[in-house]
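Just data.cif here, mmCIF, C-alpha atoms:
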```cif
data_data
#
loop_
_atom_site.group_PDB
_atom_site.id
_atom_site.type_symbol
_atom_site.label_atom_id
_atom_site.label_comp_id
_atom_site.auth_asym_id
_atom_site.auth_seq_id
_atom_site.Cartn_x
_atom_site.Cartn_y
_atom_site.Cartn_z
ATOM 1 C CA MET A 1 143.644 153.901 15.603
ATOM 2 C CA ASN A 2 140.949 151.315 16.158
ATOM 3 C CA GLY A 3 139.801 149.098 18.966
ATOM 4 C CA PHE A 4 138.863 151.839 21.439
ATOM 5 C CA ASP A 5 135.130 152.157 20.795
ATOM 6 C CA GLY A 6 133.080 150.998 23.754
ATOM 7 C CA LYS A 7 136.191 150.214 25.809
ATOM 8 C CA THR A 8 137.015 151.712 29.201
ATOM 9 C CA ALA A 9 140.173 153.537 30.224
ATOM 10 C CA VAL A 10 141.374 154.810 33.598
ATOM 11 C CA VAL A 11 143.879 157.654 33.699
ATOM 12 C CA THR A 12 145.440 158.801 36.970
ATOM 13 C CA GLY A 13 146.832 162.275 37.381
ATOM 14 C CA ALA A 14 144.292 163.333 34.767
ATOM 15 C CA ALA A 15 143.492 166.769 36.197
ATOM 16 C CA SER A 16 146.279 168.395 34.190
ATOM 17 C CA GLY A 17 149.319 167.892 32.009
ATOM 18 C CA ILE A 18 150.107 164.522 30.469
ATOM 19 C CA GLY A 19 147.228 162.824 32.278
ATOM 20 C CA ARG A 20 144.662 165.294 30.978
ATOM 21 C CA ALA A 21 146.009 165.006 27.434
ATOM 22 C CA SER A 22 145.979 161.221 27.688
ATOM 23 C CA ALA A 23 142.392 161.158 28.947
ATOM 24 C CA GLN A 24 141.320 163.464 26.127
ATOM 25 C CA ARG A 25 143.141 161.397 23.489
ATOM 26 C CA LEU A 26 141.713 158.072 24.664
ATOM 27 C CA ALA A 27 138.224 159.610 24.740
ATOM 28 C CA ALA A 28 138.737 161.015 21.238
ATOM 29 C CA GLU A 29 139.648 157.506 20.084
ATOM 30 C CA GLY A 30 136.289 156.293 21.401
ATOM 31 C CA ALA A 31 137.032 155.017 24.904
ATOM 32 C CA ASN A 32 134.942 155.809 27.967
ATOM 33 C CA VAL A 33 137.369 157.420 30.400
ATOM 34 C CA VAL A 34 137.563 157.451 34.172
ATOM 35 C CA VAL A 35 139.403 160.655 35.023
ATOM 36 C CA ALA A 36 141.192 160.069 38.330
ATOM 37 C CA ASP A 37 143.063 162.617 40.414
ATOM 38 C CA VAL A 38 143.382 164.025 43.910
ATOM 39 C CA ASP A 39 142.522 167.430 42.390
ATOM 40 C CA ALA A 40 138.727 167.369 42.089
ATOM 41 C CA ASP A 41 138.397 170.770 40.385
ATOM 42 C CA GLY A 42 140.979 169.935 37.742
ATOM 43 C CA GLY A 43 139.541 166.469 37.260
ATOM 44 C CA GLU A 44 136.037 167.785 36.711
ATOM 45 C CA GLU A 45 137.445 170.297 34.226
ATOM 46 C CA THR A 46 139.008 167.423 32.278
ATOM 47 C CA VAL A 47 135.646 165.634 32.258
ATOM 48 C CA ASP A 48 134.008 168.792 30.914
ATOM 49 C CA LEU A 49 136.609 169.117 28.168
ATOM 50 C CA ILE A 50 135.985 165.527 27.105
ATOM 51 C CA ALA A 51 132.212 165.977 27.193
ATOM 52 C CA ASP A 52 132.450 169.187 25.164
ATOM 53 C CA ALA A 53 134.342 167.216 22.507
ATOM 54 C CA GLY A 54 131.619 164.560 22.413
ATOM 55 C CA GLY A 55 133.286 161.979 24.629
ATOM 56 C CA ASP A 56 132.158 160.146 27.751
ATOM 57 C CA ALA A 57 134.061 160.567 31.011
ATOM 58 C CA THR A 58 133.538 160.217 34.744
ATOM 59 C CA PHE A 59 135.622 161.779 37.511
ATOM 60 C CA VAL A 60 136.726 159.884 40.600
ATOM 61 C CA GLU A 61 138.823 161.425 43.351
ATOM 62 C CA VAL A 62 141.738 159.147 44.141
ATOM 63 C CA ASP A 63 144.870 159.135 46.272
ATOM 64 C CA VAL A 64 147.113 156.681 44.444
ATOM 65 C CA SER A 65 149.262 156.152 47.538
ATOM 66 C CA ASN A 66 146.226 154.595 49.253
ATOM 67 C CA LEU A 67 145.322 151.124 47.981
ATOM 68 C CA GLU A 68 141.716 151.312 49.166
ATOM 69 C CA SER A 69 141.254 154.574 47.265
ATOM 70 C CA VAL A 70 142.705 153.011 44.120
ATOM 71 C CA GLU A 71 140.467 149.957 44.450
ATOM 72 C CA ARG A 72 137.451 152.271 44.611
ATOM 73 C CA MET A 73 138.654 153.913 41.408
ATOM 74 C CA VAL A 74 138.700 150.581 39.595
ATOM 75 C CA ASP A 75 135.294 149.689 41.022
ATOM 76 C CA VAL A 76 133.906 152.947 39.616
ATOM 77 C CA ALA A 77 135.260 152.096 36.176
ATOM 78 C CA VAL A 78 133.735 148.631 36.146
ATOM 79 C CA ASP A 79 130.448 149.680 37.753
ATOM 80 C CA THR A 80 130.018 152.652 35.410
ATOM 81 C CA TYR A 81 131.180 151.207 32.110
ATOM 82 C CA GLY A 82 131.263 147.427 32.599
ATOM 83 C CA SER A 83 134.943 146.784 31.932
ATOM 84 C CA LEU A 84 138.496 148.006 32.366
ATOM 85 C CA ASP A 85 140.417 147.722 29.127
ATOM 86 C CA PHE A 86 143.118 150.377 29.340
ATOM 87 C CA ALA A 87 144.938 152.094 32.178
ATOM 88 C CA HIS A 88 147.405 154.940 32.145
ATOM 89 C CA ASN A 89 149.038 154.992 35.574
ATOM 90 C CA ASN A 90 150.384 158.492 35.317
ATOM 91 C CA ALA A 91 150.040 160.293 38.680
ATOM 92 C CA GLY A 92 153.322 161.595 40.004
ATOM 93 C CA ILE A 93 155.029 164.486 41.757
ATOM 94 C CA LEU A 94 158.421 166.171 41.945
ATOM 95 C CA THR A 95 159.406 167.652 45.301
ATOM 96 C CA GLY A 96 162.346 169.734 44.105
ATOM 97 C CA PHE A 97 166.059 169.531 43.425
ATOM 98 C CA ASP A 98 168.190 168.362 46.360
ATOM 99 C CA GLU A 99 171.357 166.345 46.725
ATOM 100 C CA VAL A 100 170.661 162.987 48.299
ATOM 101 C CA THR A 101 171.882 163.988 51.773
ATOM 102 C CA ASP A 102 169.639 167.065 51.745
ATOM 103 C CA ILE A 103 166.428 165.127 51.092
ATOM 104 C CA GLU A 104 164.316 164.907 54.226
ATOM 105 C CA GLU A 105 162.776 161.573 55.213
ATOM 106 C CA ASP A 106 159.198 162.779 54.816
ATOM 107 C CA GLN A 107 160.069 164.271 51.418
ATOM 108 C CA TRP A 108 161.539 160.924 50.298
ATOM 109 C CA ASP A 109 158.573 158.955 51.606
ATOM 110 C CA ARG A 110 155.919 161.213 50.067
ATOM 111 C CA LEU A 111 157.428 161.106 46.602
ATOM 112 C CA LEU A 112 158.010 157.336 46.619
ATOM 113 C CA ASP A 113 154.500 156.763 47.997
ATOM 114 C CA ILE A 114 152.944 158.552 45.033
ATOM 115 C CA ASN A 115 155.363 157.854 42.195
ATOM 116 C CA LEU A 116 156.194 154.207 42.870
ATOM 117 C CA LYS A 117 153.803 152.783 45.448
ATOM 118 C CA GLY A 118 151.028 154.537 43.517
ATOM 119 C CA VAL A 119 151.860 152.637 40.325
ATOM 120 C CA TRP A 120 152.043 149.376 42.280
ATOM 121 C CA ALA A 121 148.650 150.061 43.874
ATOM 122 C CA CYS A 122 147.107 150.775 40.474
ATOM 123 C CA LEU A 123 148.554 147.591 39.014
ATOM 124 C CA LYS A 124 147.374 145.564 41.990
ATOM 125 C CA ALA A 125 143.814 146.826 41.514
ATOM 126 C CA GLU A 126 143.712 146.802 37.703
ATOM 127 C CA LEU A 127 145.366 143.511 36.822
ATOM 128 C CA PRO A 128 142.803 141.100 38.339
ATOM 129 C CA VAL A 129 139.997 142.764 36.366
ATOM 130 C CA MET A 130 141.949 142.596 33.119
ATOM 131 C CA GLU A 131 143.062 139.026 33.740
ATOM 132 C CA GLU A 132 139.477 137.942 34.312
ATOM 133 C CA GLN A 133 138.494 139.621 31.035
ATOM 134 C CA GLY A 134 141.423 137.986 29.292
ATOM 135 C CA SER A 135 142.631 141.286 27.852
ATOM 136 C CA GLY A 136 143.948 144.700 28.752
ATOM 137 C CA ALA A 137 146.733 147.195 28.163
ATOM 138 C CA ILE A 138 148.470 149.252 30.824
ATOM 139 C CA VAL A 139 150.866 152.163 30.350
ATOM 140 C CA ASN A 140 152.844 153.495 33.306
ATOM 141 C CA THR A 141 154.498 156.906 33.283
ATOM 142 C CA ALA A 142 158.204 156.641 34.005
ATOM 143 C CA SER A 143 160.608 159.405 32.958
ATOM 144 C CA GLU A 144 163.880 160.079 31.265
ATOM 145 C CA ALA A 145 165.052 160.184 34.906
ATOM 146 C CA GLY A 146 164.080 156.513 35.084
ATOM 147 C CA LEU A 147 166.605 155.655 32.378
ATOM 148 C CA VAL A 148 169.613 157.722 33.455
ATOM 149 C CA GLY A 149 170.846 159.345 36.641
ATOM 150 C CA MET A 150 170.168 163.041 37.189
ATOM 151 C CA GLY A 151 171.923 165.103 39.815
ATOM 152 C CA GLY A 152 169.555 166.667 42.331
ATOM 153 C CA LEU A 153 166.760 164.202 41.589
ATOM 154 C CA ALA A 154 167.699 161.206 43.719
ATOM 155 C CA ASN A 155 164.227 160.433 45.024
ATOM 156 C CA TYR A 156 162.493 161.199 41.712
ATOM 157 C CA SER A 157 165.008 159.191 39.714
ATOM 158 C CA ALA A 158 164.797 156.275 42.144
ATOM 159 C CA SER A 159 161.006 156.253 41.877
ATOM 160 C CA LYS A 160 161.045 156.329 38.081
ATOM 161 C CA HIS A 161 163.744 153.660 37.806
ATOM 162 C CA GLY A 162 161.430 151.643 40.042
ATOM 163 C CA VAL A 163 158.534 152.191 37.633
ATOM 164 C CA VAL A 164 160.679 150.899 34.759
ATOM 165 C CA GLY A 165 161.638 147.778 36.704
ATOM 166 C CA LEU A 166 158.091 147.219 37.904
ATOM 167 C CA THR A 167 156.817 147.538 34.333
ATOM 168 C CA LYS A 168 159.247 144.892 33.067
ATOM 169 C CA THR A 169 158.485 142.481 35.886
ATOM 170 C CA VAL A 170 154.697 142.719 35.671
ATOM 171 C CA ALA A 171 154.840 142.442 31.884
ATOM 172 C CA LEU A 172 156.631 139.107 32.260
ATOM 173 C CA GLU A 173 154.172 137.899 34.889
ATOM 174 C CA TYR A 174 151.160 138.677 32.690
ATOM 175 C CA ALA A 175 152.567 137.989 29.222
ATOM 176 C CA THR A 176 150.459 134.835 28.799
ATOM 177 C CA ARG A 177 147.354 136.242 30.501
ATOM 178 C CA GLY A 178 146.264 138.665 27.793
ATOM 179 C CA VAL A 179 147.523 141.809 29.533
ATOM 180 C CA ARG A 180 150.280 143.994 28.120
ATOM 181 C CA VAL A 181 152.216 146.357 30.400
ATOM 182 C CA ASN A 182 154.455 149.103 29.048
ATOM 183 C CA ALA A 183 155.690 152.540 30.084
ATOM 184 C CA ILE A 184 156.536 155.874 28.551
ATOM 185 C CA ALA A 185 159.594 157.866 29.568
ATOM 186 C CA PRO A 186 158.781 161.523 28.889
ATOM 187 C CA GLY A 187 161.465 164.064 28.330
ATOM 188 C CA PRO A 188 160.906 167.748 29.155
ATOM 189 C CA THR A 189 157.194 168.397 28.688
ATOM 190 C CA LYS A 190 155.018 171.464 29.230
ATOM 191 C CA THR A 191 153.372 170.321 32.475
ATOM 192 C CA ASN A 192 152.925 171.515 36.034
ATOM 193 C CA ILE A 193 155.967 169.474 37.106
ATOM 194 C CA GLN A 194 158.073 171.122 34.427
ATOM 195 C CA SER A 195 156.768 174.577 35.346
ATOM 196 C CA GLY A 196 157.801 173.924 38.936
ATOM 197 C CA MET A 197 161.355 173.473 37.682
ATOM 198 C CA ALA A 198 161.043 176.881 36.052
ATOM 199 C CA GLY A 199 159.796 178.672 39.148
ATOM 200 C CA GLY A 200 156.071 178.323 38.591
ATOM 201 C CA SER A 201 155.757 179.516 35.008
ATOM 202 C CA ASP A 202 152.689 178.761 32.920
ATOM 203 C CA PRO A 203 153.544 175.354 31.364
ATOM 204 C CA SER A 204 152.247 176.465 27.958
ATOM 205 C CA THR A 205 154.738 179.339 27.802
ATOM 206 C CA LEU A 206 157.863 177.706 29.196
ATOM 207 C CA PRO A 207 161.101 179.029 27.693
ATOM 208 C CA PHE A 208 163.162 176.027 26.673
ATOM 209 C CA ASP A 209 166.309 177.016 28.541
ATOM 210 C CA THR A 210 164.626 177.143 31.975
ATOM 211 C CA SER A 211 164.641 173.359 32.347
ATOM 212 C CA ALA A 212 167.325 171.417 34.128
ATOM 213 C CA MET A 213 166.634 168.772 31.471
ATOM 214 C CA ALA A 214 166.769 171.086 28.458
ATOM 215 C CA ASP A 215 169.557 169.331 26.558
ATOM 216 C CA VAL A 216 167.252 167.842 23.934
ATOM 217 C CA PRO A 217 168.430 167.142 20.365
ATOM 218 C CA MET A 218 165.072 168.338 18.971
ATOM 219 C CA ASP A 219 165.681 171.628 20.830
ATOM 220 C CA ARG A 220 162.241 172.077 22.370
ATOM 221 C CA HIS A 221 159.868 170.915 25.081
ATOM 222 C CA ALA A 222 157.169 168.407 24.207
ATOM 223 C CA ASP A 223 153.496 169.180 24.368
ATOM 224 C CA PRO A 224 151.475 166.848 26.631
ATOM 225 C CA GLU A 225 149.539 165.728 23.550
ATOM 226 C CA GLU A 226 152.732 164.145 22.187
ATOM 227 C CA MET A 227 152.915 161.949 25.275
ATOM 228 C CA ALA A 228 149.234 161.114 24.884
ATOM 229 C CA GLY A 229 149.879 159.890 21.361
ATOM 230 C CA ALA A 230 152.450 157.426 22.653
ATOM 231 C CA VAL A 231 150.034 156.217 25.335
ATOM 232 C CA ALA A 232 147.279 155.679 22.776
ATOM 233 C CA PHE A 233 149.674 153.753 20.548
ATOM 234 C CA LEU A 234 150.803 151.453 23.366
ATOM 235 C CA CYS A 235 147.173 150.778 24.290
ATOM 236 C CA SER A 236 146.181 150.079 20.694
ATOM 237 C CA GLU A 237 146.197 146.887 18.643
ATOM 238 C CA ALA A 238 149.072 148.401 16.675
ATOM 239 C CA ALA A 239 151.212 147.584 19.733
ATOM 240 C CA SER A 240 149.775 144.087 20.220
ATOM 241 C CA TYR A 241 153.245 142.456 20.310
ATOM 242 C CA ILE A 242 154.841 145.028 22.607
ATOM 243 C CA THR A 243 155.069 144.423 26.348
ATOM 244 C CA GLY A 244 157.646 145.183 29.015
ATOM 245 C CA HIS A 245 158.963 148.128 27.024
ATOM 246 C CA THR A 246 159.688 151.638 28.243
ATOM 247 C CA LEU A 247 159.296 154.003 25.305
ATOM 248 C CA PRO A 248 161.363 157.203 25.498
ATOM 249 C CA VAL A 249 159.303 160.140 24.245
ATOM 250 C CA ASP A 250 162.061 162.632 24.686
ATOM 251 C CA GLY A 251 163.058 164.408 21.498
ATOM 252 C CA GLY A 252 166.135 162.217 21.190
ATOM 253 C CA GLN A 253 167.586 162.610 24.693
ATOM 254 C CA ALA A 254 168.027 158.881 25.226
ATOM 255 C CA ALA A 255 169.982 158.674 21.972
ATOM 256 C CA ASP A 256 172.348 161.515 22.841
#
```
Reformat the file's structure so that it appears as C-alpha coordinates.
Amino acid sequence: MNGFDGKTAVVTGAASGIGRASAQRLAAEGANVVVADVDADGGEETVDLIADAGGDATFVEVDVSNLESVERMVDVAVDTYGSLDFAHNNAGILTGFDEVTDIEEDQWDRLLDINLKGVWACLKAELPVMEEQGSGAIVNTASEAGLVGMGGLANYSASKHGVVGLTKTVALEYATRGVRVNAIAPGPTKTNIQSGMAGGSDPSTLPFDTSAMADVPMDRHADPEEMAGAVAFLCSEAASYITGHTLPVDGGQAAD
(Lines of atoms letter the chains of each structure in order from A and count residues from 1; the text may use other names and numbers.)
(Lines give C-alpha, C1' and ligand atoms only; values in the text may rest on other atoms or scores of the structure.)
Protein backbone atom coordinates (compact mmCIF):
# COMPACT_ATOMS: atom_id res chain seq x y z
CA MET A 1 0.00 0.00 0.00
CA ASN A 2 1.10 3.59 -0.41
CA GLY A 3 0.21 6.92 1.08
CA PHE A 4 1.19 6.15 4.68
CA ASP A 5 4.72 7.57 4.80
CA GLY A 6 4.96 10.58 7.06
CA LYS A 7 1.28 10.36 8.02
CA THR A 8 -0.05 10.01 11.56
CA ALA A 9 -2.40 7.35 12.89
CA VAL A 10 -4.13 6.97 16.25
CA VAL A 11 -5.20 3.51 17.39
CA THR A 12 -7.25 3.01 20.55
CA GLY A 13 -7.23 -0.26 22.41
CA ALA A 14 -3.73 -0.75 21.03
CA ALA A 15 -2.23 -2.51 24.05
CA SER A 16 -3.26 -5.93 22.73
CA GLY A 17 -5.26 -7.87 20.19
CA ILE A 18 -6.69 -6.19 17.10
CA GLY A 19 -5.54 -2.74 18.23
CA ARG A 20 -1.94 -3.85 18.67
CA ALA A 21 -1.93 -5.59 15.29
CA SER A 22 -3.46 -2.52 13.67
CA ALA A 23 -0.88 -0.20 15.21
CA GLN A 24 1.92 -2.48 14.06
CA ARG A 25 0.52 -2.74 10.53
CA LEU A 26 0.03 1.01 10.11
CA ALA A 27 3.56 1.60 11.41
CA ALA A 28 4.92 -1.03 9.01
CA GLU A 29 3.20 0.83 6.18
CA GLY A 30 5.12 3.96 7.18
CA ALA A 31 2.74 5.86 9.47
CA ASN A 32 3.74 7.41 12.78
CA VAL A 33 1.43 5.80 15.33
CA VAL A 34 -0.07 7.04 18.57
CA VAL A 35 -0.70 3.92 20.61
CA ALA A 36 -3.63 4.67 22.93
CA ASP A 37 -4.98 2.48 25.71
CA VAL A 38 -5.95 2.49 29.36
CA ASP A 39 -3.36 -0.29 29.84
CA ALA A 40 -0.05 1.57 30.08
CA ASP A 41 2.15 -1.54 30.32
CA GLY A 42 0.58 -3.15 27.28
CA GLY A 43 0.63 0.11 25.37
CA GLU A 44 4.32 0.66 26.02
CA GLU A 45 4.98 -2.92 24.92
CA THR A 46 3.23 -2.17 21.62
CA VAL A 47 5.40 0.93 21.19
CA ASP A 48 8.50 -1.20 21.80
CA LEU A 49 7.39 -3.77 19.24
CA ILE A 50 6.91 -1.03 16.65
CA ALA A 51 10.26 0.56 17.47
CA ASP A 52 12.02 -2.80 17.26
CA ALA A 53 10.60 -3.19 13.75
CA GLY A 54 11.92 0.24 12.74
CA GLY A 55 8.72 2.21 13.16
CA ASP A 56 7.86 5.35 15.11
CA ALA A 57 5.24 5.24 17.85
CA THR A 58 4.22 7.13 20.97
CA PHE A 59 2.06 5.86 23.83
CA VAL A 60 -0.71 7.90 25.41
CA GLU A 61 -2.88 6.63 28.24
CA VAL A 62 -6.52 7.22 27.40
CA ASP A 63 -9.95 6.41 28.80
CA VAL A 64 -12.15 6.53 25.72
CA SER A 65 -15.29 6.97 27.82
CA ASN A 66 -13.92 10.35 28.96
CA LEU A 67 -14.04 13.06 26.29
CA GLU A 68 -11.32 15.18 27.90
CA SER A 69 -8.99 12.17 27.92
CA VAL A 70 -9.71 11.52 24.25
CA GLU A 71 -9.10 15.16 23.35
CA ARG A 72 -5.70 14.94 25.04
CA MET A 73 -4.95 11.88 22.92
CA VAL A 74 -5.63 13.81 19.72
CA ASP A 75 -3.58 16.75 20.98
CA VAL A 76 -0.64 14.39 21.56
CA ALA A 77 -0.90 13.13 17.99
CA VAL A 78 -0.93 16.60 16.48
CA ASP A 79 1.70 18.03 18.83
CA THR A 80 4.05 15.07 18.33
CA TYR A 81 3.68 14.42 14.62
CA GLY A 82 1.97 17.51 13.18
CA SER A 83 -1.17 15.90 11.78
CA LEU A 84 -3.87 13.30 12.26
CA ASP A 85 -4.46 11.37 9.07
CA PHE A 86 -5.81 8.00 10.18
CA ALA A 87 -7.70 6.77 13.21
CA HIS A 88 -8.69 3.28 14.23
CA ASN A 89 -11.28 3.66 16.98
CA ASN A 90 -10.98 0.14 18.29
CA ALA A 91 -11.19 0.13 22.11
CA GLY A 92 -13.95 -2.07 23.44
CA ILE A 93 -14.91 -4.56 26.13
CA LEU A 94 -17.21 -7.53 26.64
CA THR A 95 -18.67 -7.97 30.12
CA GLY A 96 -19.94 -11.53 29.70
CA PHE A 97 -22.94 -13.50 28.50
CA ASP A 98 -26.25 -12.60 30.16
CA GLU A 99 -29.85 -12.50 29.05
CA VAL A 100 -31.12 -8.95 28.86
CA THR A 101 -33.01 -9.09 32.17
CA ASP A 102 -29.90 -10.37 33.97
CA ILE A 103 -27.69 -7.46 32.90
CA GLU A 104 -27.09 -5.08 35.78
CA GLU A 105 -27.42 -1.33 35.21
CA ASP A 106 -23.77 -0.61 35.96
CA GLN A 107 -22.72 -3.45 33.64
CA TRP A 108 -24.87 -1.98 30.84
CA ASP A 109 -23.57 1.54 31.41
CA ARG A 110 -19.90 0.56 31.56
CA LEU A 111 -19.99 -1.38 28.31
CA LEU A 112 -21.94 1.28 26.40
CA ASP A 113 -19.67 4.01 27.79
CA ILE A 114 -16.60 2.32 26.33
CA ASN A 115 -17.92 0.61 23.21
CA LEU A 116 -20.27 3.29 21.89
CA LYS A 117 -19.71 6.55 23.75
CA GLY A 118 -15.98 5.88 23.33
CA VAL A 119 -16.29 5.79 19.53
CA TRP A 120 -18.40 8.95 19.60
CA ALA A 121 -15.82 10.72 21.77
CA CYS A 122 -13.02 9.71 19.41
CA LEU A 123 -14.96 10.93 16.39
CA LYS A 124 -15.80 14.20 18.13
CA ALA A 125 -12.11 14.84 18.83
CA GLU A 126 -10.68 13.53 15.55
CA LEU A 127 -13.04 14.95 12.95
CA PRO A 128 -12.33 18.68 13.43
CA VAL A 129 -8.60 18.09 12.93
CA MET A 130 -9.17 16.05 9.79
CA GLU A 131 -11.72 18.50 8.42
CA GLU A 132 -9.29 21.38 8.88
CA GLN A 133 -6.64 19.37 7.01
CA GLY A 134 -9.14 18.53 4.31
CA SER A 135 -8.38 14.82 4.52
CA GLY A 136 -8.50 11.81 6.78
CA ALA A 137 -9.69 8.23 7.11
CA ILE A 138 -11.33 6.71 10.16
CA VAL A 139 -12.07 3.04 10.85
CA ASN A 140 -14.29 2.07 13.77
CA THR A 141 -14.37 -1.44 15.19
CA ALA A 142 -17.88 -2.85 15.17
CA SER A 143 -18.49 -6.61 15.29
CA GLU A 144 -20.41 -9.41 13.71
CA ALA A 145 -22.66 -8.77 16.73
CA GLY A 146 -23.32 -5.34 15.23
CA LEU A 147 -24.83 -6.93 12.13
CA VAL A 148 -26.97 -9.68 13.65
CA GLY A 149 -28.53 -10.42 17.02
CA MET A 150 -26.72 -12.77 19.39
CA GLY A 151 -28.35 -14.32 22.42
CA GLY A 152 -26.63 -13.43 25.68
CA LEU A 153 -24.94 -10.35 24.22
CA ALA A 154 -27.66 -7.71 24.46
CA ASN A 155 -25.47 -4.87 25.68
CA TYR A 156 -22.52 -5.80 23.45
CA SER A 157 -24.72 -6.23 20.39
CA ALA A 158 -26.53 -2.96 21.09
CA SER A 159 -23.22 -1.11 21.37
CA LYS A 160 -21.87 -2.57 18.14
CA HIS A 161 -25.10 -1.95 16.22
CA GLY A 162 -24.71 1.61 17.48
CA VAL A 163 -21.18 1.78 16.07
CA VAL A 164 -22.48 0.66 12.67
CA GLY A 165 -25.19 3.31 12.68
CA LEU A 166 -22.82 5.99 13.94
CA THR A 167 -20.34 5.09 11.19
CA LYS A 168 -22.98 5.46 8.47
CA THR A 169 -24.27 8.76 9.82
CA VAL A 170 -20.88 10.41 10.28
CA ALA A 171 -19.76 9.19 6.86
CA LEU A 172 -22.70 11.02 5.31
CA GLU A 173 -22.01 14.16 7.32
CA TYR A 174 -18.37 14.29 6.22
CA ALA A 175 -18.59 12.85 2.71
CA THR A 176 -17.87 16.23 1.09
CA ARG A 177 -15.29 17.33 3.68
CA GLY A 178 -12.46 15.00 2.68
CA VAL A 179 -12.94 12.54 5.54
CA ARG A 180 -13.93 8.92 5.01
CA VAL A 181 -15.48 6.92 7.86
CA ASN A 182 -15.84 3.14 7.73
CA ALA A 183 -15.93 0.21 10.14
CA ILE A 184 -14.82 -3.38 10.33
CA ALA A 185 -17.01 -6.12 11.76
CA PRO A 186 -14.66 -8.82 13.08
CA GLY A 187 -15.77 -12.37 13.47
CA PRO A 188 -14.16 -14.67 16.06
CA THR A 189 -10.58 -13.46 16.49
CA LYS A 190 -7.74 -14.56 18.75
CA THR A 191 -7.94 -11.65 21.22
CA ASN A 192 -8.37 -11.07 24.93
CA ILE A 193 -12.12 -10.62 24.43
CA GLN A 194 -12.32 -13.95 22.64
CA SER A 195 -10.21 -15.66 25.30
CA GLY A 196 -12.62 -14.37 27.93
CA MET A 197 -15.37 -16.28 26.14
CA ALA A 198 -13.20 -19.37 26.45
CA GLY A 199 -12.55 -19.02 30.16
CA GLY A 200 -9.32 -17.06 30.03
CA SER A 201 -7.32 -19.13 27.57
CA ASP A 202 -4.25 -17.74 25.82
CA PRO A 203 -5.74 -16.08 22.70
CA SER A 204 -3.00 -17.52 20.49
CA THR A 205 -3.95 -21.09 21.42
CA LEU A 206 -7.74 -20.89 21.39
CA PRO A 207 -9.44 -24.11 20.29
CA PHE A 208 -11.99 -23.18 17.66
CA ASP A 209 -14.95 -24.87 19.32
CA THR A 210 -14.70 -22.87 22.57
CA SER A 211 -16.30 -19.79 21.03
CA ALA A 212 -19.97 -18.99 21.25
CA MET A 213 -19.46 -17.53 17.76
CA ALA A 214 -17.61 -20.50 16.28
CA ASP A 215 -19.98 -21.23 13.40
CA VAL A 216 -17.66 -19.85 10.73
CA PRO A 217 -17.66 -21.20 7.15
CA MET A 218 -13.85 -20.93 7.00
CA ASP A 219 -13.76 -23.14 10.13
CA ARG A 220 -11.20 -21.19 12.15
CA HIS A 221 -10.60 -18.09 14.24
CA ALA A 222 -8.96 -15.08 12.64
CA ASP A 223 -5.60 -13.76 13.66
CA PRO A 224 -5.59 -10.09 14.75
CA GLU A 225 -3.27 -9.35 11.81
CA GLU A 226 -6.12 -10.23 9.42
CA MET A 227 -8.22 -7.49 10.98
CA ALA A 228 -5.27 -5.11 10.75
CA GLY A 229 -5.04 -5.76 7.03
CA ALA A 230 -8.64 -4.66 6.58
CA VAL A 231 -8.01 -1.52 8.63
CA ALA A 232 -4.96 -0.63 6.54
CA PHE A 233 -6.95 -1.15 3.35
CA LEU A 234 -9.80 1.10 4.50
CA CYS A 235 -7.30 3.80 5.46
CA SER A 236 -5.45 3.55 2.16
CA GLU A 237 -5.97 5.29 -1.17
CA ALA A 238 -7.13 1.93 -2.52
CA ALA A 239 -10.35 2.60 -0.58
CA SER A 240 -10.65 6.24 -1.67
CA TYR A 241 -14.27 5.78 -2.87
CA ILE A 242 -15.45 3.80 0.14
CA THR A 243 -17.21 5.51 3.03
CA GLY A 244 -20.06 4.58 5.35
CA HIS A 245 -19.33 0.89 4.89
CA THR A 246 -19.03 -1.78 7.56
CA LEU A 247 -16.73 -4.50 6.24
CA PRO A 248 -17.32 -7.98 7.69
CA VAL A 249 -13.99 -9.68 8.33
CA ASP A 250 -15.53 -12.87 9.55
CA GLY A 251 -14.55 -15.92 7.53
CA GLY A 252 -17.91 -15.88 5.77
CA GLN A 253 -20.24 -15.65 8.78
CA ALA A 254 -22.25 -12.77 7.35
CA ALA A 255 -22.83 -14.78 4.18
CA ASP A 256 -24.05 -17.89 5.99
| query | Which residue, A:Leu49, A:Ala91, A:Ala255, A:Met130, has the smallest gap to Val148 of chain A when you use all atoms listed in the file? | reply | A:Ala255
| field | Option closest in space to Val100 of chain A, from A:Ala53, A:Tyr156, A:Gly244, A:Val170 [counting all atoms listed in the file] | value | A:Tyr156
| said: Could you tell me, as a list in words, exactly which residues end up selected when the PyMOL selection byres ((chain A and resi 240) around 12) is applied to this structure? | reply: Gly3, Ser135, Gly136, Ala137, Ile138, Ala175, Gly178, Val179, Arg180, Val181, Asn182, Phe233, Leu234, Cys235, Ser236, Glu237, Ala238, Ala239, Tyr241, Ile242, Thr243 and Gly244 of chain A
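The space between atom CA of Thr80 of chain A and atom CA of Ala57 of chain A spans 9.9 Å.
Among the candidates A:Gly6, A:Gly30, A:Gly162, A:Gly19, the residue lying nearest to Glu226 of chain A is A:Gly19 (atoms considered: all atoms listed in the file).
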To box segment 19-30 of chain A, take all atoms listed in the file, fit an axis-aligned box, add 4 Å on each side, and give centre and edge lengths in Å to one decimal, as AutoDock Vina command-line options.
```
--center_x 141.8 --center_y 160.8 --center_z 26.2 --size_x 18.9 --size_y 17.0 --size_z 20.2
```
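The closest residue to Ala228 of chain A, picked from A:Ile50, A:Val139, A:Ala145, A:Val216 and counting all atoms listed in the file, is A:Val139.
Interatomic distance, atom CA of Arg220 of chain A against atom CA of Ser16 of chain A: 20.2 Å.
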| request: Specify as a PyMOL selection string each residue included when the PyMOL selection byres ((chain A and resi 125) around 12) is applied to this file. | output: chain A and resi 10+64+66-78+84+87+89+118-124+126-131+138
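Counting from atom CA of Leu147 of chain A, the distance to atom CA of Pro248 of chain A is 8.8 Å.
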| task | Name every residue that the PyMOL selection byres ((chain A and resi 90) around 6) selects in this structure, writing the answer as a PyMOL selection string with chains first and numbers rising. | result | chain A and resi 12-13+88-89+91+140-141
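Nearest to Asp113 of chain A of all the residues A:Val164, A:Met150, A:Val33, A:Ala158 is A:Ala158, based on all atoms listed in the file.
The neighbours of Ala254 of chain A here are the residues that come within 12 Å of it, using all atoms listed in the file and leaving out any residue fewer than 3 positions away in the same chain; they are Ser143, Glu144, Ala145, Gly146, Leu147, Val148, Gly149, Ala185, Pro186, Gly187, Met213, Asp215, Val216, Pro217, Met218, Thr246, Leu247, Pro248, Val249, Asp250 and Gly251 of chain A.
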